>>> print(open('my_file-v5.cif').read())   # mmCIF, C-alpha atoms and all ligand atoms
data_final
loop_
_atom_site.label_atom_id
_atom_site.label_comp_id
_atom_site.auth_asym_id
_atom_site.auth_seq_id
_atom_site.Cartn_x
_atom_site.Cartn_y
_atom_site.Cartn_z
CA MET A 1 12.59 -11.77 10.54
CA GLU A 2 12.18 -9.71 13.68
CA GLY A 3 15.46 -8.91 15.34
CA PHE A 4 17.43 -8.98 12.11
CA GLY A 5 16.46 -5.46 11.20
CA MET A 6 14.88 -6.68 7.99
CA SER A 7 11.42 -5.26 8.51
CA LEU A 8 11.14 -2.01 6.63
CA MET A 9 7.63 -1.45 7.85
CA VAL A 10 5.82 -2.61 10.96
CA TRP A 11 2.07 -2.69 11.44
CA LYS A 12 0.88 -0.45 14.25
CA GLU A 13 -2.58 -0.04 15.74
CA GLU A 14 -2.54 3.56 14.52
CA TYR A 15 -2.85 2.25 10.95
CA SER A 16 -6.29 0.79 11.65
CA VAL A 17 -9.01 2.49 9.61
CA GLY A 18 -11.73 0.65 11.55
CA LEU A 19 -12.65 -1.70 8.71
CA LYS A 20 -11.45 -5.26 9.14
CA ASP A 21 -11.10 -6.17 5.46
CA ILE A 22 -9.12 -3.02 4.72
CA ASP A 23 -6.87 -3.47 7.76
CA LYS A 24 -6.17 -7.03 6.61
CA GLN A 25 -5.22 -5.81 3.13
CA HIS A 26 -2.95 -3.13 4.58
CA MET A 27 -1.29 -5.78 6.76
CA LYS A 28 -0.69 -7.90 3.70
CA LEU A 29 0.79 -4.92 1.85
CA ILE A 30 3.17 -4.27 4.73
CA GLU A 31 4.11 -7.94 4.77
CA MET A 32 4.89 -7.80 1.05
CA VAL A 33 6.96 -4.62 1.40
CA ASN A 34 9.00 -6.50 3.99
CA GLU A 35 9.34 -9.53 1.72
CA VAL A 36 10.92 -7.40 -1.01
CA HIS A 37 13.14 -5.71 1.54
CA GLU A 38 14.17 -9.05 3.00
CA ALA A 39 14.94 -10.45 -0.45
CA MET A 40 17.22 -7.45 -0.99
CA ALA A 41 18.82 -7.79 2.45
CA VAL A 42 19.75 -11.44 1.97
CA GLY A 43 21.04 -10.80 -1.56
CA LYS A 44 18.48 -12.72 -3.63
CA SER A 45 18.97 -12.74 -7.39
CA LYS A 46 17.58 -10.04 -9.65
CA ASP A 47 14.97 -12.48 -10.96
CA VAL A 48 13.66 -13.22 -7.50
CA LEU A 49 13.71 -9.55 -6.57
CA ASP A 50 11.84 -8.54 -9.72
CA GLN A 51 9.31 -11.28 -9.01
CA VAL A 52 8.52 -10.28 -5.41
CA PHE A 53 8.42 -6.63 -6.46
CA GLU A 54 5.93 -7.46 -9.18
CA GLU A 55 3.77 -9.35 -6.69
CA LEU A 56 3.77 -6.29 -4.44
CA VAL A 57 2.80 -4.02 -7.34
CA ASP A 58 -0.02 -6.38 -8.37
CA TYR A 59 -1.39 -6.64 -4.87
CA THR A 60 -1.20 -2.86 -4.45
CA LYS A 61 -3.39 -2.47 -7.54
CA THR A 62 -5.83 -5.11 -6.27
CA HIS A 63 -6.09 -3.29 -2.96
CA PHE A 64 -6.56 0.11 -4.63
CA THR A 65 -9.38 -1.21 -6.81
CA TYR A 66 -11.09 -2.80 -3.80
CA GLU A 67 -10.80 0.43 -1.83
CA GLU A 68 -12.01 2.63 -4.69
CA ASN A 69 -15.13 0.48 -5.14
CA LEU A 70 -15.76 0.58 -1.41
CA LEU A 71 -15.50 4.38 -1.31
CA ILE A 72 -18.15 4.67 -4.00
CA LYS A 73 -20.34 2.15 -2.21
CA ILE A 74 -20.25 4.07 1.09
CA GLY A 75 -20.77 7.42 -0.66
CA TYR A 76 -17.45 8.92 0.39
CA PRO A 77 -17.31 12.48 -1.01
CA GLY A 78 -13.56 12.27 -1.54
CA ALA A 79 -13.76 9.05 -3.58
CA SER A 80 -12.63 10.53 -6.87
CA ALA A 81 -9.74 12.52 -5.34
CA HIS A 82 -8.69 9.39 -3.47
CA LYS A 83 -8.70 7.41 -6.70
CA GLY A 84 -6.51 10.12 -8.24
CA MET A 85 -3.91 9.67 -5.49
CA HIS A 86 -3.84 5.93 -6.11
CA ALA A 87 -3.46 6.53 -9.85
CA GLU A 88 -0.55 8.87 -9.24
CA LEU A 89 1.31 6.23 -7.25
CA VAL A 90 0.53 3.50 -9.76
CA GLY A 91 1.89 5.75 -12.53
CA LYS A 92 5.09 6.34 -10.61
CA VAL A 93 5.58 2.67 -9.82
CA PHE A 94 4.78 1.77 -13.43
CA SER A 95 7.58 4.01 -14.66
CA TYR A 96 9.98 2.40 -12.14
CA LYS A 97 8.85 -1.01 -13.37
CA GLN A 98 9.42 -0.09 -17.00
CA ARG A 99 12.95 1.00 -16.18
CA ILE A 100 13.51 -2.16 -14.13
CA ASP A 101 12.26 -4.33 -17.01
CA LYS A 102 14.58 -2.51 -19.41
CA GLY A 103 17.47 -3.12 -17.03
CA GLU A 104 18.08 0.60 -16.45
CA LEU A 105 17.21 0.28 -12.79
CA GLY A 106 17.14 -2.38 -10.09
CA VAL A 107 14.69 -2.77 -7.24
CA SER A 108 16.46 -0.69 -4.64
CA ILE A 109 16.25 0.40 -1.05
CA ASP A 110 15.40 3.91 -2.31
CA ILE A 111 12.38 2.62 -4.21
CA MET A 112 11.30 0.56 -1.21
CA LYS A 113 11.71 3.48 1.18
CA PHE A 114 9.72 5.66 -1.17
CA LEU A 115 6.92 3.05 -1.20
CA ARG A 116 7.08 2.57 2.55
CA ASN A 117 6.80 6.32 3.15
CA TRP A 118 3.99 6.69 0.63
CA LEU A 119 2.00 3.85 2.19
CA ASN A 120 2.61 5.11 5.70
CA ASP A 121 1.41 8.64 4.92
CA HIS A 122 -1.44 7.51 2.71
CA ILE A 123 -2.88 5.09 5.26
CA LEU A 124 -2.44 7.44 8.21
CA ILE A 125 -3.90 10.48 6.46
CA GLU A 126 -6.08 9.56 3.48
CA ASP A 127 -7.32 6.06 4.29
CA LYS A 128 -8.09 7.03 7.87
CA LYS A 129 -10.16 9.94 6.54
CA TYR A 130 -12.64 7.62 4.84
CA GLY A 131 -12.51 5.34 7.88
CA ARG A 132 -13.75 8.22 10.02
CA PHE A 133 -16.37 9.15 7.45
CA TYR A 134 -17.63 5.58 7.46
CA SER A 135 -17.85 5.25 11.23
CA GLU A 136 -19.59 8.64 11.58
CA LYS A 137 -22.07 7.62 8.92
CA ASN A 138 -22.79 4.38 10.78
CA MET A 139 -23.23 6.22 14.06
CA LYS A 140 -25.76 8.59 12.49
CA ALA A 141 -27.63 5.69 10.96
CA ALA A 142 -27.78 3.97 14.34
CA SER A 143 -29.02 7.00 16.30
FE FE B 201 -6.12 4.51 -0.32
FE FE B 202 -5.44 1.61 1.43
#
>>> encode(input="my_file-v5.cif", output="structure tokens", more="lines below")
Ligand SMILES: [Fe+2]
Ligand SMILES: [Fe+2]
Amino acid sequence: MEGFGMSLMVWKEEYSVGLKDIDKQHMKLIEMVNEVHEAMAVGKSKDVLDQVFEELVDYTKTHFTYEENLLIKIGYPGASAHKGMHAELVGKVFSYKQRIDKGELGVSIDIMKFLRNWLNDHILIEDKKYGRFYSEKNMKAAS
């Protein structure tokens, strides 16, 4: 949907944490953020919107769990704090979802912008921190 202004988030090399599987998952997250945004932009029904939003929420949780297990595996000292940040976002999104399910709230551009900004900052700051830790650890092991 390039050129239609429908991409809310665009992958950039700066997002790379240096781990292929994680980068792939982040790319998929970005793709799913754009799918929800696109569904909104073309005026899809509430059912469709709720569905794609739910898929995004589910995949976000899958990614978080994968990342949290990885951080423990590599011995990242900030693993538990990192998990706490994920939990905070999941809690926030869960409360949005509850309100959406009750019909008090619709999936909106504000919610999507909030998610986009959260993901952007989280990947660039927090995820890249463990990426650096991991590559430094590997360099030490190799020397
Ligand atoms: Fe993370
Ligand atoms: Fe991540």
>>> closest_atom_pairs(input="my_file-v5.cif", of="chain A", to="ligand FE 201 (chain B)", cutoff="8 Å", atoms="only C-alpha atoms and all ligand atoms", output="Markdown table")
| residue | atom | partner | partner_atom | distance |
| --- | --- | --- | --- | --- |
| A:Phe64 | CA | B:FE201 | FE | 6.2 |
| A:Glu67 | CA | B:FE201 | FE | 6.4 |
| A:Glu68 | CA | B:FE201 | FE | 7.6 |
| A:His82 | CA | B:FE201 | FE | 6.4 |
| A:Lys83 | CA | B:FE201 | FE | 7.5 |
| A:Met85 | CA | B:FE201 | FE | 7.6 |
| A:His86 | CA | B:FE201 | FE | 6.4 |
| A:His122 | CA | B:FE201 | FE | 6.3 |
| A:Ile123 | CA | B:FE201 | FE | 6.5 |
| A:Glu126 | CA | B:FE201 | FE | 6.3 |
| A:Asp127 | CA | B:FE201 | FE | 5.0 |
>>> closest_residue(input="my_file-v5.cif", among="A:Thr60, A:Ser45, A:Ser95, A:Asn69", to="Met32 (chain A)", atoms="all atoms listed in the file")
A:Thr60
>>> closest_residue(input="my_file-v5.cif", among="A:Lys24, A:Val17, A:Tyr134, A:Ile111", to="Lys73 (chain A)", atoms="all atoms listed in the file")
A:Tyr134
>>> atom_distance(input="my_file-v5.cif", atom1="CA of Thr65 (chain A)", atom2="CA of Ala39 (chain A)")
26.8 Å
>>> closest_residue(input="my_file-v5.cif", among="A:Phe53, A:Phe114, A:Tyr66, A:Tyr76", to="Lys97 (chain A)", atoms="only C-alpha atoms")
A:Phe53
>>> closest_residue(input="my_file-v5.cif", among="A:Lys128, A:Val107, A:Leu89, A:Val57", to="ligand FE 202 (chain B)", atoms="all atoms listed in the file")
A:Lys128
>>> closest_residue(input="my_file-v5.cif", among="A:Met112, A:Ser143, A:Asp121, A:Gln51", to="ligand FE 202 (chain B)", atoms="all atoms listed in the file")
A:Asp121
>>> closest_residue(input="my_file-v5.cif", among="A:Ala142, A:Ile100, A:Ala81, A:Val36", to="Met6 (chain A)", atoms="only C-alpha atoms")
A:Val36
>>> residues_near_point(input="my_file-v5.cif", point="(16.1, -5.2, 1.9)", cutoff="12 Å", atoms="only C-alpha atoms", output="PyMOL selection string")
chain A and resi 1+4-9+32-44+49+52-53+107-113+116
>>> write_last_selection(input="my_file-v5.cif", atoms="C-alpha atoms", output="mmCIF file, in the coordinates of the input")
data_model
loop_
_atom_site.group_PDB
_atom_site.id
_atom_site.type_symbol
_atom_site.label_atom_id
_atom_site.label_comp_id
_atom_site.auth_asym_id
_atom_site.auth_seq_id
_atom_site.Cartn_x
_atom_site.Cartn_y
_atom_site.Cartn_z
ATOM 1 C CA MET A 1 12.590 -11.770 10.540
ATOM 2 C CA PHE A 4 17.430 -8.980 12.110
ATOM 3 C CA GLY A 5 16.460 -5.460 11.200
ATOM 4 C CA MET A 6 14.880 -6.680 7.990
ATOM 5 C CA SER A 7 11.420 -5.260 8.510
ATOM 6 C CA LEU A 8 11.140 -2.010 6.630
ATOM 7 C CA MET A 9 7.630 -1.450 7.850
ATOM 8 C CA MET A 32 4.890 -7.800 1.050
ATOM 9 C CA VAL A 33 6.960 -4.620 1.400
ATOM 10 C CA ASN A 34 9.000 -6.500 3.990
ATOM 11 C CA GLU A 35 9.340 -9.530 1.720
ATOM 12 C CA VAL A 36 10.920 -7.400 -1.010
ATOM 13 C CA HIS A 37 13.140 -5.710 1.540
ATOM 14 C CA GLU A 38 14.170 -9.050 3.000
ATOM 15 C CA ALA A 39 14.940 -10.450 -0.450
ATOM 16 C CA MET A 40 17.220 -7.450 -0.990
ATOM 17 C CA ALA A 41 18.820 -7.790 2.450
ATOM 18 C CA VAL A 42 19.750 -11.440 1.970
ATOM 19 C CA GLY A 43 21.040 -10.800 -1.560
ATOM 20 C CA LYS A 44 18.480 -12.720 -3.630
ATOM 21 C CA LEU A 49 13.710 -9.550 -6.570
ATOM 22 C CA VAL A 52 8.520 -10.280 -5.410
ATOM 23 C CA PHE A 53 8.420 -6.630 -6.460
ATOM 24 C CA VAL A 107 14.690 -2.770 -7.240
ATOM 25 C CA SER A 108 16.460 -0.690 -4.640
ATOM 26 C CA ILE A 109 16.250 0.400 -1.050
ATOM 27 C CA ASP A 110 15.400 3.910 -2.310
ATOM 28 C CA ILE A 111 12.380 2.620 -4.210
ATOM 29 C CA MET A 112 11.300 0.560 -1.210
ATOM 30 C CA LYS A 113 11.710 3.480 1.180
ATOM 31 C CA ARG A 116 7.080 2.570 2.550
#
>>> atom_distance(input="my_file-v5.cif", atom1="CA of Lys61 (chain A)", atom2="CA of Ile22 (chain A)")
13.5 Å
>>> atom_distance(input="my_file-v5.cif", atom1="CA of Tyr96 (chain A)", atom2="CA of Gln25 (chain A)")
23.1 Å
>>> decode(input="my_file-v5.cif", residues="region 58-75 of chain A", atoms="N, CA, C and O atoms", output="tab-separated table (two decimals), in the first residue's frame")
chain	number	residue	atom	x	y	z
A	58	ASP	N	-2.42	-10.76	19.66
A	58	ASP	CA	-1.94	-12.14	19.87
A	58	ASP	C	-0.49	-12.28	19.44
A	58	ASP	O	0.32	-12.89	20.14
A	59	TYR	N	-0.17	-11.73	18.28
A	59	TYR	CA	1.20	-11.88	17.80
A	59	TYR	C	2.17	-11.10	18.68
A	59	TYR	O	3.31	-11.53	18.91
A	60	THR	N	1.73	-9.96	19.19
A	60	THR	CA	2.56	-9.17	20.09
A	60	THR	C	2.92	-10.01	21.32
A	60	THR	O	4.07	-10.06	21.74
A	61	LYS	N	1.92	-10.70	21.86
A	61	LYS	CA	2.18	-11.55	23.04
A	61	LYS	C	3.13	-12.69	22.70
A	61	LYS	O	4.02	-13.01	23.49
A	62	THR	N	2.94	-13.30	21.53
A	62	THR	CA	3.83	-14.38	21.09
A	62	THR	C	5.27	-13.87	21.00
A	62	THR	O	6.21	-14.51	21.48
A	63	HIS	N	5.42	-12.71	20.40
A	63	HIS	CA	6.75	-12.12	20.27
A	63	HIS	C	7.36	-11.82	21.64
A	63	HIS	O	8.54	-12.10	21.88
A	64	PHE	N	6.58	-11.24	22.53
A	64	PHE	CA	7.08	-10.89	23.86
A	64	PHE	C	7.57	-12.13	24.59
A	64	PHE	O	8.66	-12.13	25.19
A	65	THR	N	6.79	-13.20	24.53
A	65	THR	CA	7.17	-14.44	25.21
A	65	THR	C	8.48	-14.99	24.63
A	65	THR	O	9.39	-15.39	25.37
A	66	TYR	N	8.58	-14.97	23.31
A	66	TYR	CA	9.79	-15.44	22.64
A	66	TYR	C	11.00	-14.64	23.12
A	66	TYR	O	12.04	-15.18	23.48
A	67	GLU	N	10.83	-13.32	23.14
A	67	GLU	CA	11.92	-12.43	23.51
A	67	GLU	C	12.32	-12.62	24.98
A	67	GLU	O	13.51	-12.67	25.31
A	68	GLU	N	11.32	-12.74	25.83
A	68	GLU	CA	11.59	-12.91	27.27
A	68	GLU	C	12.37	-14.20	27.53
A	68	GLU	O	13.30	-14.21	28.34
A	69	ASN	N	12.02	-15.27	26.84
A	69	ASN	CA	12.76	-16.53	26.99
A	69	ASN	C	14.18	-16.40	26.47
A	69	ASN	O	15.12	-16.91	27.08
A	70	LEU	N	14.32	-15.68	25.37
A	70	LEU	CA	15.65	-15.47	24.80
A	70	LEU	C	16.54	-14.68	25.77
A	70	LEU	O	17.71	-15.00	25.96
A	71	LEU	N	15.97	-13.66	26.40
A	71	LEU	CA	16.76	-12.81	27.30
A	71	LEU	C	17.28	-13.61	28.49
A	71	LEU	O	18.39	-13.37	28.97
A	72	ILE	N	16.47	-14.55	28.95
A	72	ILE	CA	16.92	-15.41	30.05
A	72	ILE	C	18.02	-16.33	29.55
A	72	ILE	O	19.06	-16.49	30.19
A	73	LYS	N	17.81	-16.88	28.36
A	73	LYS	CA	18.78	-17.81	27.77
A	73	LYS	C	20.16	-17.16	27.58
A	73	LYS	O	21.18	-17.80	27.82
A	74	ILE	N	20.18	-15.90	27.16
A	74	ILE	CA	21.48	-15.25	26.92
A	74	ILE	C	22.03	-14.59	28.19
A	74	ILE	O	23.09	-13.98	28.17
A	75	GLY	N	21.31	-14.67	29.28
A	75	GLY	CA	21.78	-14.11	30.55
A	75	GLY	C	21.76	-12.60	30.60
A	75	GLY	O	22.61	-11.97	31.24
